[in-house]
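The structure under discussion appears below in the form of structure tokens.
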Amino acid sequence: MPELLKENRYSPEAAWIMIAISSLLCLGALMVYSAGATIDREIDYSQFWQYTTLRRIVFVPIVLLVLAVSSRLPYRIFLINKKRFWLSPVILYLIISLAFLIMTLIPGFGGVEINASSRWLNLFGIRFQPSELVKWLTVFFLSGWLVYNHDNAGKFWKGFVPGFGILGLMCGLIGKEDFGTAALLGLVGTVLLVSGGVKARYLLLLIPIAVAGFYFGVYKVEYRWERVLAHFDPDKLAEAASGARYQGDQSVMAISVGGLFGTGLGQGLVKLGWLPEDTTDFIFAIIAEELGFVGCVIVVGLYLMLIFQGIRIIQKCNEPTGKLIGFSVTAMISCQALINLFVVSGMAPTKGIALPFISAGGSGLVVTALAYGVLINVARMSNKELKVNAE
């Protein structure tokens with residue numbers, strides 16, 4: 001990491017991003033380890049990779065290495081070649097992403113079903129979640145495509161239809177098993193397309209599609225609809241509401257007992273079998289209980305640092321693709337963190353979505369680091385160009 005910071009001495013935004021991500025990773029590893037503390041069995045350290053808590057610690061140097069390497073790769077690989085459209089690398093990435101999503105839906109071919117959901121893919125003994133990769137590749141493709149199709153972005157058939165066609169296809173495939181990630185991608189992708197020149201008035205045509213998506217993706221899926229009803233009107237669900245609200249209630253309880261400085265690291269009680277997904281989607285509740293309001297402020301402050309530096313990079317970049325990529329990364333991380341915090345604090349219905357750089361996981365951490373590496377490269381190139389122009 002010191003070498004990367006030295007390389008980026010003319011890019012303070014990149015340095016601050018590295019500091020924020022490193023802090024979130026280390027805090028996440030510490031809190032996941034605390035949340036995974038158990039008294040019912042001893043840990044066999046010879047099989048450490050089987051333990052979520054220990055595996056999360058190992059991912060800290062891995063993610064930092066991925067971040068450092070990806071920051072040296074030119075972000076212009078996401079540009080689309082105007083003369084050879086189908087030979088552009090980003091087109092190949094998109095096709096591979098589409099193939100991965102389809103493979104998760106084929107039982108026995110590679111899809112891995114966990115908790116009644118086939119979100120994972122097992123290739124050569126490595127299990128990963130394709131939707132995490134696809135959401136980033138989709139917005140990066142749309143960034144390059146908007147620049148390539150700049151003259152036609154505001155047209156209906158040449159701008160609106162193909163742009164939202166690609167976005168809708170990816171959201172549809174992801175949403176079959178992971179509605180939260182699909183909704184996140186749909187939100188960020190829509191704002192990106194409108195920012196890139198697609199006319200906002202065309203969005204009215206998407207209302208029937210959005211209603212249909214909600215009907216089949218939420219209303220027709222019993223446990224999802226119960227969560228919505230339990231959040232807004234628990235009395236209508238009677239006994240079922242208690243189950244649908246259980247995670248949210250336990251999370252809010254953990255936050256409420258944290259106070260100013262928390263109960264102390266490792267001293268939380270809700271993690272002892274009371275709060276499901278305490279190392280992943282609800283890790284912030286553990287932070288609030290054990291580190292209190294101060295710990296929460298630190299976490300939120302680190303995310304605000306990432307967002308603020310992302311905005312600065314967008315402002316400094318003069319290249320359209322770099323600006324859109326910067327917007328995509330900043331919007332994705334801010335929306336994902338905000339949704340997670342809303343759910344954990346009881347302000348939104350329960351939905352499984354990870355807290356970036358803190359929650360346990362592998363594929364999500366790595367691909368998010370790849371995305372931020374691209375953003376750091378945008379910062380490096382932008383500051384380099386500003387330096388050359390000044391000279």
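Simple scheme: letters A, B, ... for chains in structure tokens order, numbers from 1 for residues in each chain, numbers from 1 for ligands in the order shown.
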Problem set entry | Contacts of Ile283 in chain A within 9 Å, only C-alpha atoms, excl. fewer than 2 positions in-chain, as a list in words |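 Within the cut-off, the hits are Gly28, Met31, Val32, Ala35, Glu277, Asp278, Thr279, Thr280, Asp281, Ala285, Ile286, Ile287, Ala288, Val344, Ala354, Leu355, Ile358, Ser359 and Ala360 of chain A.
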For this session: Would you kindly return, as a ChimeraX atom specification, each protein, DNA or RNA residue with an atom no farther than 9 Å from any atom of Leu193 in chain A, considering only C-alpha atoms and excluding same-chain residues fewer than 3 positions away?
Result: /A:142-143,146,153,160,163-164,188-190,196-199
Kindly save the residues from that selection, with C-alpha atoms included, as a PDB file, in the first residue's frame.
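This is the output file part-v7.pdb:
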```pdb
ATOM      1  CA  LEU A 142     -23.460   1.549 -19.740  1.00  0.00           C
ATOM      2  CA  SER A 143     -20.867   4.246 -18.994  1.00  0.00           C
ATOM      3  CA  LEU A 146     -23.366   6.282 -23.292  1.00  0.00           C
ATOM      4  CA  ALA A 153     -28.609   8.878 -26.246  1.00  0.00           C
ATOM      5  CA  PHE A 160     -33.726   4.670 -24.420  1.00  0.00           C
ATOM      6  CA  GLY A 163     -29.938   1.243 -22.763  1.00  0.00           C
ATOM      7  CA  PHE A 164     -32.857   0.150 -20.609  1.00  0.00           C
ATOM      8  CA  VAL A 188     -28.161   3.259 -10.077  1.00  0.00           C
ATOM      9  CA  GLY A 189     -28.444   2.251 -13.745  1.00  0.00           C
ATOM     10  CA  THR A 190     -31.525   4.426 -14.261  1.00  0.00           C
ATOM     11  CA  GLY A 196     -25.735  10.261 -19.640  1.00  0.00           C
ATOM     12  CA  GLY A 197     -28.348  11.807 -21.918  1.00  0.00           C
ATOM     13  CA  VAL A 198     -31.404   9.524 -21.963  1.00  0.00           C
ATOM     14  CA  LYS A 199     -34.515  11.700 -21.682  1.00  0.00           C
TER      15      LYS A 199
END
```
For this session: From range 36-221 of chain A, collect each residue whose DSSP state is strand (DSSP E or B) and return the set as a ChimeraX atom specification.
Result: /A:107,111-114,117-123,126-128
Seminar exercise, completed: Correct to one decimal, the distance CA of Gln309 in chain A-CA of Trp16 in chain A is 7.3 Å
Exercise. Within 10 Å of Leu65 in chain A, counting only C-alpha atoms, which residues qualify if same-chain residues fewer than 6 places away don't, as a list in words?
Worked result: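 Listed by chain and then number, they are Met1, Phe59, Ser71, Val366, Ala369 and Leu370 of chain A.
Rounded to one decimal, CA of Leu73 in chain A and CA of Ser328 in chain A lie 17.6 Å from each other.
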Exercise. So which residues touch Cys317 in chain A within 10 Å, counting only C-alpha atoms, skipping near sequence neighbours fewer than 4 positions away, as a list in words?
Worked result: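 The neighbour list is Arg312, Ile313, Thr321, Gly322, Lys323, Leu324, Gly326, Val378, Ala379, Arg380, Met381, Ser382, Asn383, Glu385 and Leu386 of chain A.
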N, CA, C and O atoms of the current selection, written as a compact mmCIF listing (two decimals), in the first residue's frame:
```
# COMPACT_ATOMS: atom_id res chain seq x y z
N ARG A 312 -15.21 14.49 -5.83
CA ARG A 312 -14.05 15.30 -6.24
C ARG A 312 -13.40 14.73 -7.51
O ARG A 312 -12.98 15.47 -8.40
N ILE A 313 -13.35 13.41 -7.60
CA ILE A 313 -12.78 12.78 -8.79
C ILE A 313 -13.64 13.08 -10.01
O ILE A 313 -13.12 13.37 -11.09
N THR A 321 -16.16 9.22 -20.21
CA THR A 321 -16.28 7.87 -19.67
C THR A 321 -15.81 7.82 -18.22
O THR A 321 -16.42 7.17 -17.37
N GLY A 322 -14.71 8.51 -17.93
CA GLY A 322 -14.19 8.57 -16.57
C GLY A 322 -15.19 9.20 -15.62
O GLY A 322 -15.37 8.75 -14.48
N LYS A 323 -15.86 10.26 -16.07
CA LYS A 323 -16.87 10.91 -15.25
C LYS A 323 -18.02 9.95 -14.93
O LYS A 323 -18.49 9.86 -13.78
N LEU A 324 -18.50 9.24 -15.95
CA LEU A 324 -19.62 8.33 -15.74
C LEU A 324 -19.23 7.13 -14.88
O LEU A 324 -20.03 6.66 -14.05
N GLY A 326 -16.89 7.21 -12.58
CA GLY A 326 -16.80 7.77 -11.24
C GLY A 326 -18.16 7.92 -10.60
O GLY A 326 -18.35 7.61 -9.41
N VAL A 378 -9.06 6.41 -12.50
CA VAL A 378 -9.64 7.63 -13.05
C VAL A 378 -9.02 8.84 -12.37
O VAL A 378 -8.66 9.83 -13.02
N ALA A 379 -8.85 8.75 -11.05
CA ALA A 379 -8.26 9.86 -10.29
C ALA A 379 -6.81 10.08 -10.71
O ALA A 379 -6.37 11.22 -10.90
N ARG A 380 -6.06 9.00 -10.86
CA ARG A 380 -4.64 9.11 -11.24
C ARG A 380 -4.50 9.75 -12.61
O ARG A 380 -3.68 10.65 -12.82
N MET A 381 -5.31 9.28 -13.56
CA MET A 381 -5.22 9.82 -14.91
C MET A 381 -5.67 11.28 -14.95
O MET A 381 -5.07 12.10 -15.65
N SER A 382 -6.70 11.61 -14.20
CA SER A 382 -7.20 12.98 -14.20
C SER A 382 -6.17 13.94 -13.61
O SER A 382 -5.91 15.01 -14.16
N ASN A 383 -5.56 13.55 -12.51
CA ASN A 383 -4.56 14.40 -11.88
C ASN A 383 -3.30 14.50 -12.73
O ASN A 383 -2.65 15.54 -12.78
N GLU A 385 -3.28 14.40 -16.04
CA GLU A 385 -3.62 15.33 -17.13
C GLU A 385 -3.61 16.78 -16.65
O GLU A 385 -3.15 17.68 -17.34
N LEU A 386 -4.12 17.01 -15.42
CA LEU A 386 -4.11 18.36 -14.88
C LEU A 386 -2.70 18.85 -14.68
O LEU A 386 -2.39 20.03 -14.93
```
Problem set entry | DSSP-assigned helix (DSSP H, G or I) members of range 72-167 of chain A, reported as a ChimeraX atom specification | /A:75-78,85-87,89-104,130-148,150-152,156-167
For this session: Would you work out the distance separating CA of Arg245 in chain A from CA of Phe293 in chain A, expressed in Å to one decimal?
Result: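 It comes out at 23.5 Å.
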For this session: Might you pull out every residue within 10 Å of Leu137 in chain A, with only C-alpha atoms counted and same-chain residues fewer than 2 positions away left off, and present them as a PyMOL selection string?
Result: chain A and resi 78+90-91+93-94+96-97+131-135+139-143+367+371
Restricting it to N, CA and C atoms, dump the selection as a short mmCIF file (atom, residue, chain, number, x, y, z; two decimals), in the first residue's frame.
```
data_model
loop_
_atom_site.label_atom_id
_atom_site.label_comp_id
_atom_site.auth_asym_id
_atom_site.auth_seq_id
_atom_site.Cartn_x
_atom_site.Cartn_y
_atom_site.Cartn_z
N PHE A 78 -12.83 0.25 -20.67
CA PHE A 78 -14.29 0.23 -20.74
C PHE A 78 -14.83 1.13 -21.84
N VAL A 90 -15.17 -4.52 -23.25
CA VAL A 90 -16.30 -4.41 -22.34
C VAL A 90 -17.50 -5.21 -22.84
N ILE A 91 -17.61 -5.40 -24.17
CA ILE A 91 -18.68 -6.24 -24.71
C ILE A 91 -18.47 -7.69 -24.29
N TYR A 93 -16.86 -8.68 -21.62
CA TYR A 93 -17.14 -8.77 -20.19
C TYR A 93 -18.64 -8.91 -19.94
N LEU A 94 -19.43 -8.17 -20.70
CA LEU A 94 -20.88 -8.21 -20.53
C LEU A 94 -21.44 -9.58 -20.91
N ILE A 96 -19.83 -12.46 -20.82
CA ILE A 96 -19.41 -13.40 -19.78
C ILE A 96 -20.31 -13.26 -18.56
N SER A 97 -20.64 -12.02 -18.20
CA SER A 97 -21.53 -11.77 -17.07
C SER A 97 -22.88 -12.42 -17.29
N SER A 131 -23.85 -12.11 -9.28
CA SER A 131 -24.58 -10.84 -9.29
C SER A 131 -23.72 -9.69 -8.79
N GLU A 132 -22.78 -9.96 -7.89
CA GLU A 132 -21.89 -8.92 -7.39
C GLU A 132 -21.00 -8.39 -8.51
N LEU A 133 -20.52 -9.30 -9.36
CA LEU A 133 -19.69 -8.90 -10.49
C LEU A 133 -20.52 -8.23 -11.57
N VAL A 134 -21.69 -8.78 -11.83
CA VAL A 134 -22.53 -8.30 -12.92
C VAL A 134 -23.01 -6.87 -12.69
N LYS A 135 -23.34 -6.53 -11.46
CA LYS A 135 -23.85 -5.18 -11.20
C LYS A 135 -22.81 -4.12 -11.56
N VAL A 139 -22.94 -1.40 -15.05
CA VAL A 139 -22.85 0.07 -15.02
C VAL A 139 -21.60 0.56 -15.75
N PHE A 140 -20.52 -0.22 -15.75
CA PHE A 140 -19.33 0.18 -16.50
C PHE A 140 -19.58 0.10 -18.00
N PHE A 141 -20.32 -0.95 -18.41
CA PHE A 141 -20.68 -1.05 -19.82
C PHE A 141 -21.56 0.13 -20.23
N LEU A 142 -22.56 0.44 -19.42
CA LEU A 142 -23.46 1.55 -19.74
C LEU A 142 -22.70 2.87 -19.79
N SER A 143 -21.68 3.03 -18.96
CA SER A 143 -20.87 4.25 -18.99
C SER A 143 -20.16 4.38 -20.33
N VAL A 367 -14.81 -7.86 -5.84
CA VAL A 367 -15.27 -7.11 -7.01
C VAL A 367 -15.51 -5.64 -6.68
N ALA A 371 -13.75 -2.46 -8.53
CA ALA A 371 -14.46 -1.26 -8.99
C ALA A 371 -13.78 0.01 -8.46
#
```
Please list as a PDB file with N, CA, C and O atoms, in the first residue's frame every residue within 9 Å of range 330-343 of chain A, counting only C-alpha atoms and excluding residues in the same chain fewer than 5 positions away.
```
ATOM      1  N   TRP A 136     -21.519  -4.430 -11.306  1.00  0.00           N
ATOM      2  CA  TRP A 136     -20.456  -3.469 -11.646  1.00  0.00           C
ATOM      3  C   TRP A 136     -20.192  -3.444 -13.139  1.00  0.00           C
ATOM      4  O   TRP A 136     -20.060  -2.369 -13.738  1.00  0.00           O
ATOM      5  N   THR A 181     -30.242  -6.829  -4.876  1.00  0.00           N
ATOM      6  CA  THR A 181     -29.179  -6.406  -5.785  1.00  0.00           C
ATOM      7  C   THR A 181     -29.761  -5.911  -7.099  1.00  0.00           C
ATOM      8  O   THR A 181     -29.265  -4.946  -7.686  1.00  0.00           O
ATOM      9  N   LEU A 184     -31.068  -2.438  -6.548  1.00  0.00           N
ATOM     10  CA  LEU A 184     -29.937  -1.511  -6.433  1.00  0.00           C
ATOM     11  C   LEU A 184     -29.372  -1.189  -7.807  1.00  0.00           C
ATOM     12  O   LEU A 184     -29.134  -0.020  -8.142  1.00  0.00           O
ATOM     13  N   LEU A 185     -29.147  -2.224  -8.627  1.00  0.00           N
ATOM     14  CA  LEU A 185     -28.630  -2.015  -9.976  1.00  0.00           C
ATOM     15  C   LEU A 185     -29.608  -1.205 -10.811  1.00  0.00           C
ATOM     16  O   LEU A 185     -29.203  -0.308 -11.567  1.00  0.00           O
ATOM     17  N   LEU A 187     -31.801   1.021  -9.804  1.00  0.00           N
ATOM     18  CA  LEU A 187     -31.799   2.409  -9.344  1.00  0.00           C
ATOM     19  C   LEU A 187     -30.580   3.162  -9.874  1.00  0.00           C
ATOM     20  O   LEU A 187     -30.708   4.235 -10.478  1.00  0.00           O
ATOM     21  N   VAL A 188     -29.400   2.591  -9.647  1.00  0.00           N
ATOM     22  CA  VAL A 188     -28.161   3.259 -10.077  1.00  0.00           C
ATOM     23  C   VAL A 188     -28.096   3.341 -11.599  1.00  0.00           C
ATOM     24  O   VAL A 188     -27.706   4.376 -12.164  1.00  0.00           O
ATOM     25  N   VAL A 191     -30.449   6.167 -12.963  1.00  0.00           N
ATOM     26  CA  VAL A 191     -29.881   7.504 -12.758  1.00  0.00           C
ATOM     27  C   VAL A 191     -28.695   7.731 -13.692  1.00  0.00           C
ATOM     28  O   VAL A 191     -28.514   8.826 -14.241  1.00  0.00           O
ATOM     29  N   LEU A 192     -27.887   6.698 -13.896  1.00  0.00           N
ATOM     30  CA  LEU A 192     -26.736   6.797 -14.792  1.00  0.00           C
ATOM     31  C   LEU A 192     -27.174   7.090 -16.220  1.00  0.00           C
ATOM     32  O   LEU A 192     -26.605   7.972 -16.893  1.00  0.00           O
ATOM     33  N   GLY A 248     -35.394  -7.507  12.029  1.00  0.00           N
ATOM     34  CA  GLY A 248     -35.417  -6.063  12.210  1.00  0.00           C
ATOM     35  C   GLY A 248     -35.575  -5.663  13.671  1.00  0.00           C
ATOM     36  O   GLY A 248     -34.901  -4.739  14.148  1.00  0.00           O
ATOM     37  N   ASP A 281     -25.411  -9.242   6.609  1.00  0.00           N
ATOM     38  CA  ASP A 281     -26.332  -8.137   6.355  1.00  0.00           C
ATOM     39  C   ASP A 281     -26.575  -7.257   7.580  1.00  0.00           C
ATOM     40  O   ASP A 281     -26.864  -6.059   7.441  1.00  0.00           O
ATOM     41  N   PHE A 282     -26.463  -7.815   8.791  1.00  0.00           N
ATOM     42  CA  PHE A 282     -26.776  -7.055  10.002  1.00  0.00           C
ATOM     43  C   PHE A 282     -25.541  -6.784  10.863  1.00  0.00           C
ATOM     44  O   PHE A 282     -25.649  -6.609  12.074  1.00  0.00           O
ATOM     45  N   PHE A 284     -23.864  -4.127  11.052  1.00  0.00           N
ATOM     46  CA  PHE A 284     -23.893  -2.784  11.625  1.00  0.00           C
ATOM     47  C   PHE A 284     -24.579  -2.781  12.989  1.00  0.00           C
ATOM     48  O   PHE A 284     -24.245  -1.966  13.856  1.00  0.00           O
ATOM     49  N   VAL A 300     -20.061   5.647   9.436  1.00  0.00           N
ATOM     50  CA  VAL A 300     -20.736   6.567   8.517  1.00  0.00           C
ATOM     51  C   VAL A 300     -19.753   7.599   7.987  1.00  0.00           C
ATOM     52  O   VAL A 300     -19.777   7.960   6.794  1.00  0.00           O
ATOM     53  N   TYR A 303     -17.701   6.179   5.130  1.00  0.00           N
ATOM     54  CA  TYR A 303     -18.469   6.122   3.878  1.00  0.00           C
ATOM     55  C   TYR A 303     -18.628   7.511   3.271  1.00  0.00           C
ATOM     56  O   TYR A 303     -18.541   7.678   2.048  1.00  0.00           O
ATOM     57  N   LEU A 304     -18.847   8.514   4.114  1.00  0.00           N
ATOM     58  CA  LEU A 304     -18.940   9.875   3.601  1.00  0.00           C
ATOM     59  C   LEU A 304     -17.629  10.317   2.976  1.00  0.00           C
ATOM     60  O   LEU A 304     -17.619  11.063   1.986  1.00  0.00           O
ATOM     61  N   LEU A 306     -15.554   8.306   1.374  1.00  0.00           N
ATOM     62  CA  LEU A 306     -15.533   7.671   0.054  1.00  0.00           C
ATOM     63  C   LEU A 306     -16.408   8.447  -0.933  1.00  0.00           C
ATOM     64  O   LEU A 306     -16.015   8.670  -2.081  1.00  0.00           O
ATOM     65  N   ILE A 307     -17.579   8.844  -0.488  1.00  0.00           N
ATOM     66  CA  ILE A 307     -18.500   9.567  -1.365  1.00  0.00           C
ATOM     67  C   ILE A 307     -17.944  10.932  -1.747  1.00  0.00           C
ATOM     68  O   ILE A 307     -17.969  11.334  -2.916  1.00  0.00           O
ATOM     69  N   PHE A 308     -17.408  11.648  -0.759  1.00  0.00           N
ATOM     70  CA  PHE A 308     -16.868  12.980  -1.011  1.00  0.00           C
ATOM     71  C   PHE A 308     -15.688  12.921  -1.983  1.00  0.00           C
ATOM     72  O   PHE A 308     -15.597  13.729  -2.926  1.00  0.00           O
ATOM     73  N   GLN A 309     -14.794  11.960  -1.787  1.00  0.00           N
ATOM     74  CA  GLN A 309     -13.639  11.836  -2.689  1.00  0.00           C
ATOM     75  C   GLN A 309     -14.085  11.400  -4.091  1.00  0.00           C
ATOM     76  O   GLN A 309     -13.495  11.798  -5.090  1.00  0.00           O
ATOM     77  N   GLY A 310     -15.135  10.578  -4.153  1.00  0.00           N
ATOM     78  CA  GLY A 310     -15.675  10.198  -5.454  1.00  0.00           C
ATOM     79  C   GLY A 310     -16.212  11.406  -6.212  1.00  0.00           C
ATOM     80  O   GLY A 310     -15.997  11.547  -7.421  1.00  0.00           O
ATOM     81  N   ILE A 311     -16.898  12.298  -5.495  1.00  0.00           N
ATOM     82  CA  ILE A 311     -17.418  13.520  -6.120  1.00  0.00           C
ATOM     83  C   ILE A 311     -16.274  14.401  -6.622  1.00  0.00           C
ATOM     84  O   ILE A 311     -16.347  14.976  -7.713  1.00  0.00           O
ATOM     85  N   ILE A 325     -18.016   6.624 -15.055  1.00  0.00           N
ATOM     86  CA  ILE A 325     -17.543   5.528 -14.207  1.00  0.00           C
ATOM     87  C   ILE A 325     -17.431   6.006 -12.760  1.00  0.00           C
ATOM     88  O   ILE A 325     -17.824   5.300 -11.820  1.00  0.00           O
ATOM     89  N   ALA A 348     -36.589   0.523   6.986  1.00  0.00           N
ATOM     90  CA  ALA A 348     -37.026  -0.105   5.732  1.00  0.00           C
ATOM     91  C   ALA A 348     -37.276  -1.583   5.995  1.00  0.00           C
ATOM     92  O   ALA A 348     -36.721  -2.150   6.949  1.00  0.00           O
ATOM     93  N   PRO A 349     -38.108  -2.235   5.180  1.00  0.00           N
ATOM     94  CA  PRO A 349     -38.358  -3.668   5.359  1.00  0.00           C
ATOM     95  C   PRO A 349     -37.068  -4.471   5.267  1.00  0.00           C
ATOM     96  O   PRO A 349     -36.127  -4.085   4.576  1.00  0.00           O
ATOM     97  N   THR A 350     -37.030  -5.582   5.970  1.00  0.00           N
ATOM     98  CA  THR A 350     -35.845  -6.431   5.984  1.00  0.00           C
ATOM     99  C   THR A 350     -35.500  -6.914   4.579  1.00  0.00           C
ATOM    100  O   THR A 350     -36.346  -7.436   3.859  1.00  0.00           O
ATOM    101  N   LYS A 351     -34.258  -6.705   4.191  1.00  0.00           N
ATOM    102  CA  LYS A 351     -33.778  -7.156   2.889  1.00  0.00           C
ATOM    103  C   LYS A 351     -32.299  -7.455   3.000  1.00  0.00           C
ATOM    104  O   LYS A 351     -31.545  -6.683   3.575  1.00  0.00           O
ATOM    105  N   GLY A 352     -31.892  -8.590   2.460  1.00  0.00           N
ATOM    106  CA  GLY A 352     -30.495  -8.986   2.537  1.00  0.00           C
ATOM    107  C   GLY A 352     -29.626  -8.219   1.554  1.00  0.00           C
ATOM    108  O   GLY A 352     -29.659  -8.473   0.353  1.00  0.00           O
ATOM    109  N   ILE A 353     -28.845  -7.279   2.073  1.00  0.00           N
ATOM    110  CA  ILE A 353     -27.888  -6.564   1.239  1.00  0.00           C
ATOM    111  C   ILE A 353     -26.697  -6.200   2.122  1.00  0.00           C
ATOM    112  O   ILE A 353     -26.858  -5.695   3.235  1.00  0.00           O
ATOM    113  N   ALA A 354     -25.498  -6.494   1.653  1.00  0.00           N
ATOM    114  CA  ALA A 354     -24.304  -6.375   2.479  1.00  0.00           C
ATOM    115  C   ALA A 354     -23.893  -4.922   2.687  1.00  0.00           C
ATOM    116  O   ALA A 354     -24.211  -4.041   1.883  1.00  0.00           O
ATOM    117  N   LEU A 355     -23.164  -4.684   3.774  1.00  0.00           N
ATOM    118  CA  LEU A 355     -22.568  -3.382   4.046  1.00  0.00           C
ATOM    119  C   LEU A 355     -21.180  -3.381   3.415  1.00  0.00           C
ATOM    120  O   LEU A 355     -20.300  -4.142   3.841  1.00  0.00           O
ATOM    121  N   PRO A 356     -20.931  -2.565   2.394  1.00  0.00           N
ATOM    122  CA  PRO A 356     -19.687  -2.628   1.616  1.00  0.00           C
ATOM    123  C   PRO A 356     -18.428  -2.534   2.468  1.00  0.00           C
ATOM    124  O   PRO A 356     -18.332  -1.685   3.355  1.00  0.00           O
ATOM    125  N   THR A 368     -15.886  -5.341  -5.429  1.00  0.00           N
ATOM    126  CA  THR A 368     -16.020  -3.937  -5.035  1.00  0.00           C
ATOM    127  C   THR A 368     -14.657  -3.268  -5.006  1.00  0.00           C
ATOM    128  O   THR A 368     -14.511  -2.095  -5.394  1.00  0.00           O
ATOM    129  N   TYR A 372     -13.398  -0.027  -7.199  1.00  0.00           N
ATOM    130  CA  TYR A 372     -12.730   1.152  -6.641  1.00  0.00           C
ATOM    131  C   TYR A 372     -11.325   1.323  -7.194  1.00  0.00           C
ATOM    132  O   TYR A 372     -10.806   2.449  -7.239  1.00  0.00           O
ATOM    133  N   LEU A 375     -11.865   3.360 -10.146  1.00  0.00           N
ATOM    134  CA  LEU A 375     -12.083   4.750  -9.756  1.00  0.00           C
ATOM    135  C   LEU A 375     -10.765   5.440  -9.409  1.00  0.00           C
ATOM    136  O   LEU A 375     -10.541   6.599  -9.778  1.00  0.00           O
TER     137      LEU A 375
END
```
